[in-house]
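Participant: This is data.cif (mmCIF, C-alpha atoms, pLDDT in the B column; chains and numbers go by the auth columns).
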```cif
data_input
#
loop_
_atom_site.group_PDB
_atom_site.id
_atom_site.type_symbol
_atom_site.label_atom_id
_atom_site.label_comp_id
_atom_site.label_asym_id
_atom_site.label_seq_id
_atom_site.Cartn_x
_atom_site.Cartn_y
_atom_site.Cartn_z
_atom_site.B_iso_or_equiv
_atom_site.auth_seq_id
_atom_site.auth_asym_id
ATOM 1 C CA MET A 1 14.343 -14.471 15.376 47.00 22 R
ATOM 2 C CA ALA A 2 11.103 -16.421 14.960 48.00 23 R
ATOM 3 C CA THR A 3 11.691 -20.151 15.058 46.00 24 R
ATOM 4 C CA ILE A 4 10.663 -22.791 12.598 52.00 25 R
ATOM 5 C CA THR A 5 8.650 -24.388 15.410 81.00 26 R
ATOM 6 C CA GLU A 6 6.290 -21.410 15.504 90.00 27 R
ATOM 7 C CA SER A 7 5.605 -21.578 11.775 92.00 28 R
ATOM 8 C CA GLU A 8 5.069 -25.327 12.029 93.00 29 R
ATOM 9 C CA GLU A 9 2.632 -24.871 14.899 93.00 30 R
ATOM 10 C CA LEU A 10 0.688 -22.277 12.936 95.00 31 R
ATOM 11 C CA TYR A 11 0.620 -24.594 9.939 95.00 32 R
ATOM 12 C CA GLU A 12 -0.685 -27.482 12.030 95.00 33 R
ATOM 13 C CA THR A 13 -3.356 -25.284 13.603 96.00 34 R
ATOM 14 C CA LEU A 14 -4.513 -24.177 10.173 97.00 35 R
ATOM 15 C CA ARG A 15 -4.431 -27.704 8.789 95.00 36 R
ATOM 16 C CA GLU A 16 -6.763 -28.909 11.521 96.00 37 R
ATOM 17 C CA LEU A 17 -9.290 -26.193 10.620 96.00 38 R
ATOM 18 C CA GLY A 18 -9.468 -27.057 6.940 95.00 39 R
ATOM 19 C CA THR A 19 -11.574 -29.473 4.950 96.00 40 R
ATOM 20 C CA ALA A 20 -10.628 -31.376 1.815 96.00 41 R
ATOM 21 C CA GLN A 21 -13.852 -30.390 0.084 97.00 42 R
ATOM 22 C CA ARG A 22 -13.297 -26.673 0.643 97.00 43 R
ATOM 23 C CA ALA A 23 -9.629 -26.993 -0.313 97.00 44 R
ATOM 24 C CA ALA A 24 -10.476 -28.578 -3.658 97.00 45 R
ATOM 25 C CA ALA A 25 -13.189 -26.024 -4.407 97.00 46 R
ATOM 26 C CA GLU A 26 -11.007 -23.024 -3.565 96.00 47 R
ATOM 27 C CA ARG A 27 -8.029 -24.343 -5.487 96.00 48 R
ATOM 28 C CA ALA A 28 -10.202 -24.818 -8.569 96.00 49 R
ATOM 29 C CA TYR A 29 -11.915 -21.439 -8.183 96.00 50 R
ATOM 30 C CA LEU A 30 -8.613 -19.563 -7.841 95.00 51 R
ATOM 31 C CA LYS A 31 -6.883 -21.714 -10.486 95.00 52 R
ATOM 32 C CA SER A 32 -4.154 -22.033 -7.891 95.00 53 R
ATOM 33 C CA THR A 33 -0.907 -23.964 -8.185 95.00 54 R
ATOM 34 C CA LEU A 34 -0.471 -23.909 -4.398 96.00 55 R
ATOM 35 C CA ARG A 35 -1.622 -26.514 -1.959 97.00 56 R
ATOM 36 C CA HIS A 36 -4.862 -25.524 -0.203 98.00 57 R
ATOM 37 C CA LEU A 37 -5.943 -26.568 3.272 97.00 58 R
ATOM 38 C CA GLY A 38 -9.540 -25.404 2.933 97.00 59 R
ATOM 39 C CA VAL A 39 -9.524 -22.901 5.810 97.00 60 R
ATOM 40 C CA PRO A 40 -11.922 -19.914 5.661 97.00 61 R
ATOM 41 C CA VAL A 41 -10.267 -16.490 5.672 97.00 62 R
ATOM 42 C CA PRO A 42 -11.827 -15.435 9.037 97.00 63 R
ATOM 43 C CA ALA A 43 -10.383 -18.569 10.635 97.00 64 R
ATOM 44 C CA VAL A 44 -6.904 -17.759 9.291 97.00 65 R
ATOM 45 C CA ARG A 45 -7.203 -14.285 10.816 97.00 66 R
ATOM 46 C CA ARG A 46 -8.256 -15.708 14.192 97.00 67 R
ATOM 47 C CA VAL A 47 -5.295 -18.070 14.258 97.00 68 R
ATOM 48 C CA VAL A 48 -2.874 -15.247 13.488 97.00 69 R
ATOM 49 C CA ARG A 49 -4.401 -12.852 16.017 96.00 70 R
ATOM 50 C CA THR A 50 -4.258 -15.525 18.708 96.00 71 R
ATOM 51 C CA TRP A 51 -0.549 -15.966 17.991 94.00 72 R
ATOM 52 C CA VAL A 52 -0.012 -12.203 18.221 94.00 73 R
ATOM 53 C CA ARG A 53 -1.849 -12.017 21.561 93.00 74 R
ATOM 54 C CA HIS A 54 0.453 -14.665 22.973 91.00 75 R
ATOM 55 C CA HIS A 55 3.572 -12.944 21.603 89.00 76 R
ATOM 56 C CA PRO A 56 3.051 -9.282 22.512 84.00 77 R
ATOM 57 C CA VAL A 57 6.744 -8.303 22.540 78.00 78 R
ATOM 58 C CA VAL A 58 8.284 -9.089 19.165 87.00 79 R
ATOM 59 C CA THR A 59 10.542 -7.135 16.848 93.00 80 R
ATOM 60 C CA SER A 60 10.012 -6.318 13.191 94.00 81 R
ATOM 61 C CA ASP A 61 12.687 -8.880 12.368 95.00 82 R
ATOM 62 C CA ASP A 62 10.760 -11.499 14.361 93.00 83 R
ATOM 63 C CA ILE A 63 7.555 -10.724 12.478 95.00 84 R
ATOM 64 C CA PHE A 64 9.164 -10.804 9.057 96.00 85 R
ATOM 65 C CA GLY A 65 11.171 -13.882 9.974 94.00 86 R
ATOM 66 C CA LEU A 66 7.974 -15.734 10.770 95.00 87 R
ATOM 67 C CA ALA A 67 6.293 -14.267 7.689 96.00 88 R
ATOM 68 C CA ASP A 68 9.146 -15.621 5.568 96.00 89 R
ATOM 69 C CA GLU A 69 8.771 -19.080 7.050 95.00 90 R
ATOM 70 C CA LEU A 70 5.036 -19.083 6.481 96.00 91 R
ATOM 71 C CA TRP A 71 5.431 -17.779 2.931 97.00 92 R
ATOM 72 C CA ASP A 72 8.096 -20.324 2.037 96.00 93 R
ATOM 73 C CA ARG A 73 5.525 -23.107 2.332 95.00 94 R
ATOM 74 C CA PRO A 74 3.715 -23.527 -1.014 96.00 95 R
ATOM 75 C CA VAL A 75 0.407 -23.446 0.873 97.00 96 R
ATOM 76 C CA HIS A 76 -2.253 -20.820 0.226 98.00 97 R
ATOM 77 C CA GLU A 77 -3.347 -20.466 3.856 98.00 98 R
ATOM 78 C CA THR A 78 0.173 -20.098 5.268 97.00 99 R
ATOM 79 C CA ARG A 79 0.902 -17.371 2.724 98.00 100 R
ATOM 80 C CA LEU A 80 -2.341 -15.671 3.703 98.00 101 R
ATOM 81 C CA ALA A 81 -1.318 -16.058 7.354 98.00 102 R
ATOM 82 C CA ALA A 82 1.962 -14.289 6.568 98.00 103 R
ATOM 83 C CA ILE A 83 -0.011 -11.351 5.190 98.00 104 R
ATOM 84 C CA GLU A 84 -2.454 -11.343 8.103 98.00 105 R
ATOM 85 C CA LEU A 85 0.525 -11.264 10.458 97.00 106 R
ATOM 86 C CA LEU A 86 1.601 -7.962 8.915 97.00 107 R
ATOM 87 C CA VAL A 87 -1.970 -6.686 9.144 97.00 108 R
ATOM 88 C CA ALA A 88 -2.092 -7.615 12.834 96.00 109 R
ATOM 89 C CA VAL A 89 1.253 -5.951 13.652 95.00 110 R
ATOM 90 C CA PRO A 90 1.326 -2.857 11.423 95.00 111 R
ATOM 91 C CA GLY A 91 4.150 -1.275 13.410 94.00 112 R
ATOM 92 C CA ALA A 92 6.480 -3.947 12.069 96.00 113 R
ATOM 93 C CA VAL A 93 5.912 -2.705 8.509 97.00 114 R
ATOM 94 C CA THR A 94 8.084 0.254 7.550 97.00 115 R
ATOM 95 C CA ALA A 95 9.374 1.618 4.267 98.00 116 R
ATOM 96 C CA VAL A 96 12.504 -0.533 4.476 98.00 117 R
ATOM 97 C CA ARG A 97 10.192 -3.525 3.954 98.00 118 R
ATOM 98 C CA LEU A 98 8.906 -2.299 0.593 98.00 119 R
ATOM 99 C CA PRO A 99 11.286 -4.560 -1.370 98.00 120 R
ATOM 100 C CA TRP A 100 9.991 -7.541 0.630 98.00 121 R
ATOM 101 C CA LEU A 101 6.387 -6.561 -0.050 98.00 122 R
ATOM 102 C CA GLU A 102 7.059 -6.083 -3.752 98.00 123 R
ATOM 103 C CA ALA A 103 8.809 -9.435 -4.042 98.00 124 R
ATOM 104 C CA ARG A 104 5.899 -11.216 -2.374 98.00 125 R
ATOM 105 C CA LEU A 105 3.395 -9.432 -4.622 98.00 126 R
ATOM 106 C CA ARG A 106 5.199 -10.870 -7.617 97.00 127 R
ATOM 107 C CA GLU A 107 4.773 -14.347 -6.164 97.00 128 R
ATOM 108 C CA CYS A 108 1.050 -14.119 -5.366 96.00 129 R
ATOM 109 C CA HIS A 109 -0.488 -14.791 -8.800 96.00 130 R
ATOM 110 C CA THR A 110 -4.024 -14.414 -7.394 97.00 131 R
ATOM 111 C CA TRP A 111 -6.258 -11.622 -6.177 97.00 132 R
ATOM 112 C CA ALA A 112 -6.845 -13.632 -2.989 97.00 133 R
ATOM 113 C CA LEU A 113 -3.273 -12.851 -1.898 98.00 134 R
ATOM 114 C CA VAL A 114 -2.515 -9.704 -3.903 98.00 135 R
ATOM 115 C CA ASP A 115 -5.455 -7.748 -2.520 98.00 136 R
ATOM 116 C CA PRO A 116 -4.773 -8.212 1.221 98.00 137 R
ATOM 117 C CA LEU A 117 -1.047 -7.657 0.677 98.00 138 R
ATOM 118 C CA ALA A 118 -1.828 -4.444 -1.208 98.00 139 R
ATOM 119 C CA GLY A 119 -3.852 -3.473 1.858 98.00 140 R
ATOM 120 C CA VAL A 120 -0.686 -3.729 3.952 98.00 141 R
ATOM 121 C CA VAL A 121 1.013 -1.354 1.502 98.00 142 R
ATOM 122 C CA ALA A 122 -2.021 0.955 1.630 98.00 143 R
ATOM 123 C CA ASP A 123 -1.779 1.278 5.406 98.00 144 R
ATOM 124 C CA LEU A 124 1.957 1.906 5.162 98.00 145 R
ATOM 125 C CA ALA A 125 1.228 4.640 2.604 98.00 146 R
ATOM 126 C CA CYS A 126 -0.875 6.433 5.222 97.00 147 R
ATOM 127 C CA ARG A 127 2.046 6.375 7.640 97.00 148 R
ATOM 128 C CA ASP A 128 4.785 7.162 5.131 97.00 149 R
ATOM 129 C CA SER A 129 3.359 8.435 1.868 97.00 150 R
ATOM 130 C CA GLU A 130 6.630 10.122 0.912 97.00 151 R
ATOM 131 C CA SER A 131 8.321 6.727 0.689 98.00 152 R
ATOM 132 C CA VAL A 132 5.435 4.703 -0.700 98.00 153 R
ATOM 133 C CA LEU A 133 3.893 6.888 -3.408 98.00 154 R
ATOM 134 C CA PRO A 134 6.968 6.935 -5.684 98.00 155 R
ATOM 135 C CA VAL A 135 6.980 3.128 -5.468 98.00 156 R
ATOM 136 C CA LEU A 136 3.314 2.985 -6.466 98.00 157 R
ATOM 137 C CA ASP A 137 4.027 5.313 -9.395 98.00 158 R
ATOM 138 C CA ARG A 138 6.535 2.731 -10.592 98.00 159 R
ATOM 139 C CA TRP A 139 4.265 -0.237 -9.910 98.00 160 R
ATOM 140 C CA VAL A 140 1.429 1.162 -12.021 98.00 161 R
ATOM 141 C CA THR A 141 3.651 0.826 -15.107 97.00 162 R
ATOM 142 C CA ASP A 142 4.998 -2.620 -14.190 98.00 163 R
ATOM 143 C CA HIS A 143 4.916 -5.517 -16.659 98.00 164 R
ATOM 144 C CA ASP A 144 3.081 -7.695 -14.101 98.00 165 R
ATOM 145 C CA PHE A 145 -0.623 -6.871 -14.050 98.00 166 R
ATOM 146 C CA TRP A 146 -0.912 -8.067 -10.442 98.00 167 R
ATOM 147 C CA VAL A 147 1.633 -5.417 -9.432 98.00 168 R
ATOM 148 C CA ARG A 148 -0.307 -2.816 -11.419 98.00 169 R
ATOM 149 C CA ARG A 149 -3.471 -3.921 -9.608 98.00 170 R
ATOM 150 C CA ALA A 150 -1.676 -3.555 -6.274 98.00 171 R
ATOM 151 C CA ALA A 151 -0.680 0.024 -7.143 98.00 172 R
ATOM 152 C CA VAL A 152 -4.351 0.990 -7.438 98.00 173 R
ATOM 153 C CA LEU A 153 -5.408 -0.859 -4.300 98.00 174 R
ATOM 154 C CA ALA A 154 -2.550 0.641 -2.305 98.00 175 R
ATOM 155 C CA LEU A 155 -4.135 4.100 -2.660 98.00 176 R
ATOM 156 C CA ARG A 156 -7.300 3.082 -0.814 98.00 177 R
ATOM 157 C CA SER A 157 -6.327 4.088 2.728 97.00 178 R
ATOM 158 C CA LEU A 158 -5.130 7.500 1.594 98.00 179 R
ATOM 159 C CA LEU A 159 -8.299 7.918 -0.452 98.00 180 R
ATOM 160 C CA ARG A 160 -10.422 7.151 2.594 96.00 181 R
ATOM 161 C CA HIS A 161 -8.662 10.047 4.296 96.00 182 R
ATOM 162 C CA GLY A 162 -9.540 12.373 1.432 95.00 183 R
ATOM 163 C CA ASP A 163 -6.118 12.284 -0.217 96.00 184 R
ATOM 164 C CA GLN A 164 -4.735 11.226 -3.624 97.00 185 R
ATOM 165 C CA LEU A 165 -7.922 11.389 -5.711 98.00 186 R
ATOM 166 C CA ASP A 166 -5.968 13.013 -8.532 98.00 187 R
ATOM 167 C CA ARG A 167 -3.401 10.227 -8.376 98.00 188 R
ATOM 168 C CA LEU A 168 -6.174 7.637 -8.605 98.00 189 R
ATOM 169 C CA PHE A 169 -7.543 9.380 -11.700 98.00 190 R
ATOM 170 C CA ALA A 170 -4.046 9.450 -13.214 98.00 191 R
ATOM 171 C CA TYR A 171 -3.598 5.722 -12.580 98.00 192 R
ATOM 172 C CA ALA A 172 -7.047 4.977 -13.947 98.00 193 R
ATOM 173 C CA GLU A 173 -6.413 7.005 -17.103 97.00 194 R
ATOM 174 C CA GLN A 174 -3.223 5.067 -17.712 97.00 195 R
ATOM 175 C CA LEU A 175 -4.810 1.675 -17.074 98.00 196 R
ATOM 176 C CA LEU A 176 -8.217 2.233 -18.660 97.00 197 R
ATOM 177 C CA PRO A 177 -7.255 0.959 -22.140 95.00 198 R
ATOM 178 C CA GLU A 178 -6.154 -2.403 -20.702 96.00 199 R
ATOM 179 C CA THR A 179 -8.184 -5.498 -21.495 96.00 200 R
ATOM 180 C CA GLU A 180 -7.072 -7.516 -18.452 97.00 201 R
ATOM 181 C CA PHE A 181 -10.199 -8.270 -16.399 97.00 202 R
ATOM 182 C CA PHE A 182 -8.485 -7.906 -13.011 97.00 203 R
ATOM 183 C CA ILE A 183 -7.298 -4.413 -13.924 98.00 204 R
ATOM 184 C CA ARG A 184 -10.657 -3.330 -15.308 97.00 205 R
ATOM 185 C CA LYS A 185 -12.423 -4.669 -12.234 97.00 206 R
ATOM 186 C CA VAL A 186 -10.126 -3.041 -9.674 98.00 207 R
ATOM 187 C CA LEU A 187 -10.524 0.347 -11.327 98.00 208 R
ATOM 188 C CA GLY A 188 -14.263 -0.030 -11.012 98.00 209 R
ATOM 189 C CA TRP A 189 -14.094 -1.073 -7.376 97.00 210 R
ATOM 190 C CA VAL A 190 -11.922 1.827 -6.266 98.00 211 R
ATOM 191 C CA LEU A 191 -13.914 4.347 -8.300 98.00 212 R
ATOM 192 C CA ARG A 192 -17.072 2.926 -6.691 98.00 213 R
ATOM 193 C CA GLU A 193 -15.601 3.581 -3.250 98.00 214 R
ATOM 194 C CA GLU A 194 -14.850 7.166 -4.208 98.00 215 R
ATOM 195 C CA ALA A 195 -18.202 7.830 -5.875 97.00 216 R
ATOM 196 C CA PRO A 196 -20.119 8.550 -2.631 97.00 217 R
ATOM 197 C CA ARG A 197 -17.293 10.737 -1.311 96.00 218 R
ATOM 198 C CA HIS A 198 -16.664 12.652 -4.556 97.00 219 R
ATOM 199 C CA PRO A 199 -19.680 12.115 -6.821 97.00 220 R
ATOM 200 C CA ARG A 200 -19.137 15.154 -9.029 97.00 221 R
ATOM 201 C CA GLU A 201 -15.444 14.437 -9.561 98.00 222 R
ATOM 202 C CA VAL A 202 -15.967 10.747 -10.306 98.00 223 R
ATOM 203 C CA SER A 203 -18.865 11.466 -12.659 98.00 224 R
ATOM 204 C CA ALA A 204 -16.836 14.118 -14.480 98.00 225 R
ATOM 205 C CA TRP A 205 -13.875 11.734 -14.847 98.00 226 R
ATOM 206 C CA LEU A 206 -16.072 8.957 -16.236 97.00 227 R
ATOM 207 C CA ARG A 207 -17.681 11.319 -18.716 97.00 228 R
ATOM 208 C CA ALA A 208 -14.309 12.682 -19.842 96.00 229 R
ATOM 209 C CA HIS A 209 -12.954 9.176 -20.470 96.00 230 R
ATOM 210 C CA MET A 210 -16.040 7.594 -21.959 95.00 231 R
ATOM 211 C CA ALA A 211 -14.306 6.923 -25.273 91.00 232 R
ATOM 212 C CA ASP A 212 -12.005 4.387 -23.606 92.00 233 R
ATOM 213 C CA MET A 213 -14.537 3.134 -21.065 95.00 234 R
ATOM 214 C CA ASN A 214 -15.483 -0.527 -20.684 96.00 235 R
ATOM 215 C CA LEU A 215 -18.546 -1.817 -18.903 95.00 236 R
ATOM 216 C CA VAL A 216 -16.573 -3.893 -16.374 96.00 237 R
ATOM 217 C CA THR A 217 -15.049 -0.688 -14.999 97.00 238 R
ATOM 218 C CA LEU A 218 -18.094 1.538 -15.456 97.00 239 R
ATOM 219 C CA ARG A 219 -20.584 -0.785 -13.822 96.00 240 R
ATOM 220 C CA GLU A 220 -19.113 -0.404 -10.317 97.00 241 R
ATOM 221 C CA PRO A 221 -19.112 3.393 -9.799 98.00 242 R
ATOM 222 C CA LEU A 222 -22.573 3.570 -11.367 97.00 243 R
ATOM 223 C CA ARG A 223 -23.857 1.705 -8.303 97.00 244 R
ATOM 224 C CA LYS A 224 -23.043 4.746 -6.171 97.00 245 R
ATOM 225 C CA LEU A 225 -23.462 7.770 -8.443 97.00 246 R
ATOM 226 C CA PRO A 226 -26.634 9.878 -8.290 96.00 247 R
ATOM 227 C CA ASP A 227 -26.433 10.539 -12.037 97.00 248 R
ATOM 228 C CA ALA A 228 -25.784 6.882 -12.898 96.00 249 R
ATOM 229 C CA ALA A 229 -28.603 6.643 -15.438 97.00 250 R
ATOM 230 C CA GLU A 230 -27.317 9.639 -17.383 96.00 251 R
ATOM 231 C CA VAL A 231 -23.727 8.369 -17.370 96.00 252 R
ATOM 232 C CA ARG A 232 -24.830 4.903 -18.487 96.00 253 R
ATOM 233 C CA ALA A 233 -26.893 6.442 -21.291 95.00 254 R
ATOM 234 C CA LEU A 234 -23.816 8.335 -22.451 94.00 255 R
ATOM 235 C CA TYR A 235 -21.842 5.078 -22.518 94.00 256 R
ATOM 236 C CA ASP A 236 -24.562 3.299 -24.494 92.00 257 R
ATOM 237 C CA THR A 237 -24.812 6.162 -26.982 90.00 258 R
ATOM 238 C CA ARG A 238 -21.098 6.250 -27.639 83.00 259 R
ATOM 239 C CA ARG A 239 -20.809 2.468 -27.809 76.00 260 R
ATOM 240 C CA ASN A 240 -23.611 2.243 -30.353 73.00 261 R
ATOM 241 C CA SER A 241 -22.603 5.206 -32.486 69.00 262 R
ATOM 242 C CA PRO A 242 -21.142 4.468 -35.945 62.00 263 R
ATOM 243 C CA GLY A 243 -17.368 4.343 -36.151 51.00 264 R
#
```
Would it be possible to restate this file's structure as structure tokens?

Facilitator:
Amino acid sequence: MATITESEELYETLRELGTAQRAAAERAYLKSTLRHLGVPVPAVRRVVRTWVRHHPVVTSDDIFGLADELWDRPVHETRLAAIELLVAVPGAVTAVRLPWLEARLRECHTWALVDPLAGVVADLACRDSESVLPVLDRWVTDHDFWVRRAAVLALRSLLRHGDQLDRLFAYAEQLLPETEFFIRKVLGWVLREEAPRHPREVSAWLRAHMADMNLVTLREPLRKLPDAAEVRALYDTRRNSPG
């Protein structure tokens, strides 16, 4: 089992890389209730990858034990380090860890932690979609909008492999009426990623759902669609029409 000494050493390494000025700025920007060390994300990744290189033979229990210790500190960078540890050792993440991942998602309260943790789930979905997809179908209806956001993001690896476009459209249709900015924005981002790969399908979906469309969501896929001007004109016409 990973020792407390290892988590303390990682914490001290991170603390030495931070600055008070950056910590204050990031904490204010993220409206965070955690302590911030002011360490850039690439530096957190380097620290974690260095640890992994020096500990090449570790079990899944070791990895999650250390992740728990890092997460238990109310420090933004140690929680990010816990996520980056799972990114660096993907073999440690199996379907039996889905309850752990879900519990941590509920504790994130910020896109800066939710999004990379959803990426861990997305990579697991590529390896074990049979186990993960039913969980995502539940998450997309969850009361916590951060969990709903994670459900969308967790499709991204499968989407990059040409799979689950219909599921993305189903999630987007369900979430489109929401007014929460972080839901509207994530729908736009993922649709933007799919627009170059499936321009006709994405354009057709946008047109079919124009009545519920908001500009936060629409703006992103329009950046990548060849018929963006026509789709935007349709949005403007419907928005400005009486009733």

Participant: As a list in words, please: the residues near R:Leu197 (cut-off 9 Å, all atoms listed in the file, same-chain neighbours under 2 positions excluded).

Facilitator: Tyr192, Ala193, Glu194, Gln195, Glu199, Thr200, Ile204, Arg205, Leu208, His230, Asp233, Met234, Asn235 and Thr238 of chain R

Participant: For the atom pair atom CA of R:Val65 and atom CA of R:Leu87, what is the interatomic distance in Å to one decimal place?

Facilitator: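 We find that atom CA of R:Val65 and atom CA of R:Leu87 lie 15.1 Å from each other.
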
Participant: Can you pull out the residues contacting R:Ala102? Cut-off 8 Å, using all atoms listed in the file, and skip same-chain residues under 3 positions away; I want them as number ranges by chain.

Facilitator: R: 65-66, 69, 88, 91, 98-99, 105-106

Participant: For a cut-off of 12 Å around (9.6, -12.5, 11.2), file coordinates, pick out all residues using all atoms listed in the file and list them as a PyMOL selection string.

Facilitator: chain R and resi 22-25+27-28+73+79-92+103-104+106-107+110+113-114+118+121

Participant: Between R:Glu241, R:Gly209, R:Thr26, R:Val156, single out the one closest to R:Val117, counting only C-alpha atoms.

Facilitator: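 Of all the options, R:Val156 lies closest to R:Val117.
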
Participant: Tell me, in Å to one decimal, how far atom CA of R:Arg213 is from atom CA of R:Lys245.

Facilitator: 6.3 Å

Participant: Excluding same-chain residues fewer than 6 positions from stretch 35-47 of chain R, what lies within 9 Å of it counting only C-alpha atoms, as a tab-separated table (two decimals) with C-alpha atoms, in the coordinates of the input?

Facilitator:
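Okay, out.tsv is ready:
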```
chain	number	residue	atom	x	y	z
R	53	SER	CA	-4.15	-22.03	-7.89
R	56	ARG	CA	-1.62	-26.51	-1.96
R	57	HIS	CA	-4.86	-25.52	-0.20
R	58	LEU	CA	-5.94	-26.57	3.27
R	59	GLY	CA	-9.54	-25.40	2.93
R	60	VAL	CA	-9.52	-22.90	5.81
R	61	PRO	CA	-11.92	-19.91	5.66
R	64	ALA	CA	-10.38	-18.57	10.64
R	65	VAL	CA	-6.90	-17.76	9.29
R	68	VAL	CA	-5.30	-18.07	14.26
R	98	GLU	CA	-3.35	-20.47	3.86
R	99	THR	CA	0.17	-20.10	5.27
```

Participant: Would you write out, as number ranges by chain, every residue that the PyMOL selection byres ((chain R and resi 132) around 9) captures in this file?

Facilitator: R: 51, 129-131, 133-137, 167, 170, 203

Participant: Take the PyMOL selection byres ((chain R and resi 149) around 12), run it mentally on this structure, and tell me the resulting residues as a count of residues only.

Facilitator: 22

Participant: How far is it from atom CA of R:Gly140 to atom CA of R:Arg177, in Å with one decimal?

Facilitator: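 Computed distance, atom CA of R:Gly140 to atom CA of R:Arg177, equals 7.9 Å.
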
Participant: Report as a list in words the full result of the PyMOL selection byres ((chain R and resi 232) around 12) when it is applied to this structure.

Facilitator: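 When the PyMOL selection byres ((chain R and resi 232) around 12) is applied, the selected residues are Glu194, Leu197, Pro198, Trp226, Leu227, Arg228, Ala229, His230, Met231, Asp233, Met234, Asn235, Leu236, Leu239, Leu255, Tyr256, Asp257, Thr258, Arg259, Arg260, Asn261, Ser262 and Gly264 of chain R.
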
Participant: With 6 Å added on each side, what axis-aligned box encloses every listed atom of stretch 60-67 of chain R? Give the centre and edge lengths in Å to one decimal, as AutoDock Vina command-line options.

Facilitator:
```
--center_x -9.4 --center_y -18.6 --center_z 9.9 --size_x 17.0 --size_y 20.6 --size_z 20.5
```

Participant: Kindly write C-alpha atoms of stretch 36-61 of chain R from the structure just given to a file, as an mmCIF file, in the first residue's frame.

Facilitator:
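Heads up, here's the output in part_20.cif:
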```cif
data_model
loop_
_atom_site.group_PDB
_atom_site.id
_atom_site.type_symbol
_atom_site.label_atom_id
_atom_site.label_comp_id
_atom_site.auth_asym_id
_atom_site.auth_seq_id
_atom_site.Cartn_x
_atom_site.Cartn_y
_atom_site.Cartn_z
ATOM 1 C CA ARG R 36 4.515 23.291 -2.843
ATOM 2 C CA GLU R 37 8.034 24.279 -3.842
ATOM 3 C CA LEU R 38 6.908 24.805 -7.450
ATOM 4 C CA GLY R 39 4.048 27.137 -6.611
ATOM 5 C CA THR R 40 3.809 30.873 -6.145
ATOM 6 C CA ALA R 41 1.513 32.806 -3.836
ATOM 7 C CA GLN R 42 0.513 35.189 -6.607
ATOM 8 C CA ARG R 43 -0.573 32.398 -8.944
ATOM 9 C CA ALA R 44 -2.318 30.579 -6.094
ATOM 10 C CA ALA R 45 -4.419 33.621 -5.230
ATOM 11 C CA ALA R 46 -5.298 34.295 -8.865
ATOM 12 C CA GLU R 47 -6.315 30.703 -9.592
ATOM 13 C CA ARG R 48 -8.335 30.375 -6.412
ATOM 14 C CA ALA R 49 -10.259 33.534 -7.284
ATOM 15 C CA TYR R 50 -10.734 32.534 -10.928
ATOM 16 C CA LEU R 51 -12.074 29.079 -10.028
ATOM 17 C CA LYS R 52 -14.064 30.405 -7.044
ATOM 18 C CA SER R 53 -12.420 27.562 -5.173
ATOM 19 C CA THR R 54 -12.847 26.654 -1.519
ATOM 20 C CA LEU R 55 -9.656 24.571 -1.609
ATOM 21 C CA ARG R 56 -6.190 25.720 -0.760
ATOM 22 C CA HIS R 57 -4.116 26.492 -3.870
ATOM 23 C CA LEU R 58 -0.355 26.205 -4.189
ATOM 24 C CA GLY R 59 -0.093 28.087 -7.475
ATOM 25 C CA VAL R 60 1.478 25.283 -9.528
ATOM 26 C CA PRO R 61 0.874 25.216 -13.313
#
```
